[in-house]
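*Asks:* Following this message is one structure expressed as structure tokens.
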Amino acid sequence: TQLLEQSPQFLSIQEGENLTVYCNSSSVFSSLQWYRQEPGEGPVLLVTVVTGGEVKKLKRLTFQFGDARKDSSLHITAAQPGDTGLYLCAGAASGGSYIPTFGRGTSLIVHP
Amino acid sequence: KAGVTQTPRYLIKTRGQQVTLSCSPISGHRSVSWYQQTPGQGLQFLFEYFSETQRNKGNFPGRFSGRQFSNSRSEMNVSTLELGDSALYLCASSLYRVNTEAFFGQGTRLTVV
């Protein structure tokens, strides 16, 4: 069983469209990270969310941490081809053994 | 500031052999973690080293081991390679423990034939 469930698994959209990626868990996380990974490269950290209900913006990307710190979402406005990549959420459950967990990822393709 | 460096980038090994992968973290970072990434299982945590001590270990067999040196550089060893060990092995470094910002290397693509 995956501790962090991401949806959707795949997204193929046209340039200019908006999209939302979800990261859900039954466990509470002290913080969650979002990464983007391009083929043949390692993941690159986009943001860390720490406080329940927190919203962070990074240009056209908006990240939200659920009030109960069990879920998070990533919203991209007016997607561009440069946004193409694998989006991963990650975290370590609170009160646990400090083992970091990654979701399976959402593979996004933005067509020009 | 140099990023995380992993060597080699690509490796082809035969079943039964052993392999050692190397990771140089960002200067000043004391935590190094290793991950295995496969299409079927995604990114899975192998272990974390902090100040030369293994602090956490994921659910992998004892064939997977690692160590960290006094300069924070880390090595990962896989013995008695199996076909299923073919994967992208990623190293990540952090200033403190894993649950903070982590910076990943480009990975080592290991193919076992």
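By order of appearance in the structure tokens: chains A, B, ..., then residues from 1 within every chain, and ligands from 1 in the order shown.
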Using only C-alpha atoms, I'd like a table of the residues in chain B that come within 8 Å of chain A; for each, show the closest atom pair and its distance in Å rounded to one decimal, ordered by chain and ascending number, as JSON lines.
*Replies:*
```
{"residue": "B:Gln41", "atom": "CA", "partner": "A:Arg104", "partner_atom": "CA", "distance": 7.2}
{"residue": "B:Gly42", "atom": "CA", "partner": "A:Arg104", "partner_atom": "CA", "distance": 5.0}
{"residue": "B:Leu43", "atom": "CA", "partner": "A:Phe102", "partner_atom": "CA", "distance": 6.0}
{"residue": "B:Gln44", "atom": "CA", "partner": "A:Phe102", "partner_atom": "CA", "distance": 7.0}
{"residue": "B:Phe45", "atom": "CA", "partner": "A:Pro100", "partner_atom": "CA", "distance": 6.6}
{"residue": "B:Asn56", "atom": "CA", "partner": "A:Ile99", "partner_atom": "CA", "distance": 6.7}
{"residue": "B:Lys57", "atom": "CA", "partner": "A:Ile99", "partner_atom": "CA", "distance": 7.5}
{"residue": "B:Gly58", "atom": "CA", "partner": "A:Ile99", "partner_atom": "CA", "distance": 7.0}
{"residue": "B:Leu90", "atom": "CA", "partner": "A:Gly42", "partner_atom": "CA", "distance": 6.8}
{"residue": "B:Val98", "atom": "CA", "partner": "A:Pro100", "partner_atom": "CA", "distance": 7.2}
{"residue": "B:Asn99", "atom": "CA", "partner": "A:Ala92", "partner_atom": "CA", "distance": 6.5}
{"residue": "B:Thr100", "atom": "CA", "partner": "A:Thr48", "partner_atom": "CA", "distance": 7.9}
{"residue": "B:Glu101", "atom": "CA", "partner": "A:Leu45", "partner_atom": "CA", "distance": 7.2}
{"residue": "B:Ala102", "atom": "CA", "partner": "A:Leu45", "partner_atom": "CA", "distance": 7.0}
{"residue": "B:Phe103", "atom": "CA", "partner": "A:Val44", "partner_atom": "CA", "distance": 6.8}
{"residue": "B:Phe104", "atom": "CA", "partner": "A:Gly42", "partner_atom": "CA", "distance": 5.4}
{"residue": "B:Gly105", "atom": "CA", "partner": "A:Gly42", "partner_atom": "CA", "distance": 5.5}
{"residue": "B:Gln106", "atom": "CA", "partner": "A:Gly42", "partner_atom": "CA", "distance": 4.5}
{"residue": "B:Gly107", "atom": "CA", "partner": "A:Gly42", "partner_atom": "CA", "distance": 6.1}
```
*Asks:* Keeping only N, CA and C atoms, write those residues as a PDB file, in the first residue's frame.
*Replies:*
```pdb
ATOM      1  N   GLN B  41       7.599   0.649  -9.097  1.00  0.00           N
ATOM      2  CA  GLN B  41       7.509   0.978  -7.670  1.00  0.00           C
ATOM      3  C   GLN B  41       7.706   2.451  -7.356  1.00  0.00           C
ATOM      4  N   GLY B  42       8.116   3.221  -8.323  1.00  0.00           N
ATOM      5  CA  GLY B  42       8.368   4.637  -8.069  1.00  0.00           C
ATOM      6  C   GLY B  42       9.658   4.823  -7.282  1.00  0.00           C
ATOM      7  N   LEU B  43       9.704   5.904  -6.529  1.00  0.00           N
ATOM      8  CA  LEU B  43      10.885   6.254  -5.747  1.00  0.00           C
ATOM      9  C   LEU B  43      10.782   5.620  -4.365  1.00  0.00           C
ATOM     10  N   GLN B  44      11.733   4.776  -4.028  1.00  0.00           N
ATOM     11  CA  GLN B  44      11.705   4.110  -2.731  1.00  0.00           C
ATOM     12  C   GLN B  44      12.972   4.406  -1.953  1.00  0.00           C
ATOM     13  N   PHE B  45      12.783   4.700  -0.691  1.00  0.00           N
ATOM     14  CA  PHE B  45      13.875   5.067   0.209  1.00  0.00           C
ATOM     15  C   PHE B  45      14.705   3.847   0.573  1.00  0.00           C
ATOM     16  N   ASN B  56      18.458   5.833   9.200  1.00  0.00           N
ATOM     17  CA  ASN B  56      17.190   5.210   8.820  1.00  0.00           C
ATOM     18  C   ASN B  56      17.444   4.250   7.685  1.00  0.00           C
ATOM     19  N   LYS B  57      16.606   3.218   7.627  1.00  0.00           N
ATOM     20  CA  LYS B  57      16.754   2.239   6.564  1.00  0.00           C
ATOM     21  C   LYS B  57      15.380   1.885   6.038  1.00  0.00           C
ATOM     22  N   GLY B  58      15.256   1.790   4.735  1.00  0.00           N
ATOM     23  CA  GLY B  58      14.002   1.373   4.127  1.00  0.00           C
ATOM     24  C   GLY B  58      13.899  -0.136   4.089  1.00  0.00           C
ATOM     25  N   LEU B  90      19.201   7.140  -6.984  1.00  0.00           N
ATOM     26  CA  LEU B  90      19.327   8.567  -6.722  1.00  0.00           C
ATOM     27  C   LEU B  90      19.877   8.820  -5.333  1.00  0.00           C
ATOM     28  N   VAL B  98      16.538  14.296   6.717  1.00  0.00           N
ATOM     29  CA  VAL B  98      15.864  14.129   5.432  1.00  0.00           C
ATOM     30  C   VAL B  98      14.596  14.957   5.325  1.00  0.00           C
ATOM     31  N   ASN B  99      13.913  15.195   6.400  1.00  0.00           N
ATOM     32  CA  ASN B  99      12.616  15.846   6.326  1.00  0.00           C
ATOM     33  C   ASN B  99      12.706  17.352   6.130  1.00  0.00           C
ATOM     34  N   THR B 100      13.677  17.777   5.382  1.00  0.00           N
ATOM     35  CA  THR B 100      13.818  19.187   5.035  1.00  0.00           C
ATOM     36  C   THR B 100      14.062  19.258   3.538  1.00  0.00           C
ATOM     37  N   GLU B 101      14.509  20.364   3.052  1.00  0.00           N
ATOM     38  CA  GLU B 101      14.788  20.464   1.626  1.00  0.00           C
ATOM     39  C   GLU B 101      15.867  19.454   1.226  1.00  0.00           C
ATOM     40  N   ALA B 102      15.597  18.689   0.188  1.00  0.00           N
ATOM     41  CA  ALA B 102      16.557  17.690  -0.286  1.00  0.00           C
ATOM     42  C   ALA B 102      16.925  18.004  -1.723  1.00  0.00           C
ATOM     43  N   PHE B 103      18.201  17.879  -2.027  1.00  0.00           N
ATOM     44  CA  PHE B 103      18.696  18.169  -3.364  1.00  0.00           C
ATOM     45  C   PHE B 103      19.219  16.859  -3.958  1.00  0.00           C
ATOM     46  N   PHE B 104      18.684  16.514  -5.102  1.00  0.00           N
ATOM     47  CA  PHE B 104      19.015  15.235  -5.714  1.00  0.00           C
ATOM     48  C   PHE B 104      20.114  15.368  -6.759  1.00  0.00           C
ATOM     49  N   GLY B 105      20.881  14.304  -6.886  1.00  0.00           N
ATOM     50  CA  GLY B 105      21.816  14.185  -7.980  1.00  0.00           C
ATOM     51  C   GLY B 105      21.083  13.707  -9.234  1.00  0.00           C
ATOM     52  N   GLN B 106      21.815  13.546 -10.313  1.00  0.00           N
ATOM     53  CA  GLN B 106      21.207  13.110 -11.573  1.00  0.00           C
ATOM     54  C   GLN B 106      20.945  11.612 -11.589  1.00  0.00           C
ATOM     55  N   GLY B 107      21.553  10.900 -10.654  1.00  0.00           N
ATOM     56  CA  GLY B 107      21.299   9.477 -10.568  1.00  0.00           C
ATOM     57  C   GLY B 107      22.302   8.625 -11.325  1.00  0.00           C
TER      58      GLY B 107
END
```
*Asks:* I need the residues of segment 28-69 of chain A that end up classed as strand (DSSP E) by DSSP on the backbone, written out as a list in words.
*Replies:*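 Put together, the selection reads Phe29, Ser30, Ser31, Leu32, Gln33, Trp34, Tyr35, Arg36, Gln37, Val44, Leu45, Leu46, Val47, Thr48, Val49, Val55, Lys56, Lys57, Leu58, Leu61, Thr62, Phe63, Gln64 and Phe65 of chain A.
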*Asks:* Find the residues near His111 of chain A: any atom within 6 Å, counting only C-alpha atoms, skip ones fewer than 3 places away on the same chain, and give them as a short mmCIF file (atom, residue, chain, number, x, y, z; two decimals) with all heavy atoms, in the first residue's frame.
*Replies:*
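File written: part11.cif
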```cif
data_model
loop_
_atom_site.label_atom_id
_atom_site.label_comp_id
_atom_site.auth_asym_id
_atom_site.auth_seq_id
_atom_site.Cartn_x
_atom_site.Cartn_y
_atom_site.Cartn_z
N GLN A 14 -3.26 20.65 -23.43
CA GLN A 14 -2.77 21.64 -24.38
C GLN A 14 -2.24 22.85 -23.62
O GLN A 14 -2.68 23.17 -22.50
CB GLN A 14 -3.90 22.09 -25.31
CG GLN A 14 -4.39 21.00 -26.26
CD GLN A 14 -3.30 20.55 -27.22
OE1 GLN A 14 -3.02 19.36 -27.34
NE2 GLN A 14 -2.70 21.52 -27.91
N GLU A 15 -1.31 23.52 -24.23
CA GLU A 15 -0.75 24.74 -23.67
C GLU A 15 -1.88 25.72 -23.35
O GLU A 15 -2.81 25.89 -24.15
CB GLU A 15 0.22 25.36 -24.67
CG GLU A 15 0.91 26.61 -24.17
CD GLU A 15 1.93 27.12 -25.18
OE1 GLU A 15 2.08 26.50 -26.25
OE2 GLU A 15 2.60 28.13 -24.88
N PRO A 81 4.60 24.21 -22.24
CA PRO A 81 5.37 23.00 -22.54
C PRO A 81 6.53 22.77 -21.57
O PRO A 81 6.88 21.64 -21.28
CB PRO A 81 5.86 23.25 -23.96
CG PRO A 81 4.80 24.11 -24.57
CD PRO A 81 4.36 25.03 -23.45
#
```
*Asks:* So what do you get for atom CA of Leu11 of chain B versus atom CA of Gly40 of chain B, distance-wise?
*Replies:*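 Going from atom CA of Leu11 of chain B over to atom CA of Gly40 of chain B, I get 20.2 Å.
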*Asks:* So that I can check the surroundings of Leu46 of chain B, please list as a count of residues only every protein, DNA and RNA residue that reaches within 9 Å of it, counting only C-alpha atoms and ignoring chain neighbours fewer than 3 positions away.
*Replies:* 11
*Asks:* Just give me the gap between atom CA of Tyr96 of chain B and atom CA of Glu54 of chain A in Å, one decimal is fine.
*Replies:*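 Taking atom CA of Tyr96 of chain B as the start and atom CA of Glu54 of chain A as the end point, the length is 23.0 Å.
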*Asks:* Leaving out segment 20-27 of chain B and any residue of its chain fewer than 4 positions from it, which residues lie within 8 Å of it when counting only C-alpha atoms, given as a count of residues only?
*Replies:* 22
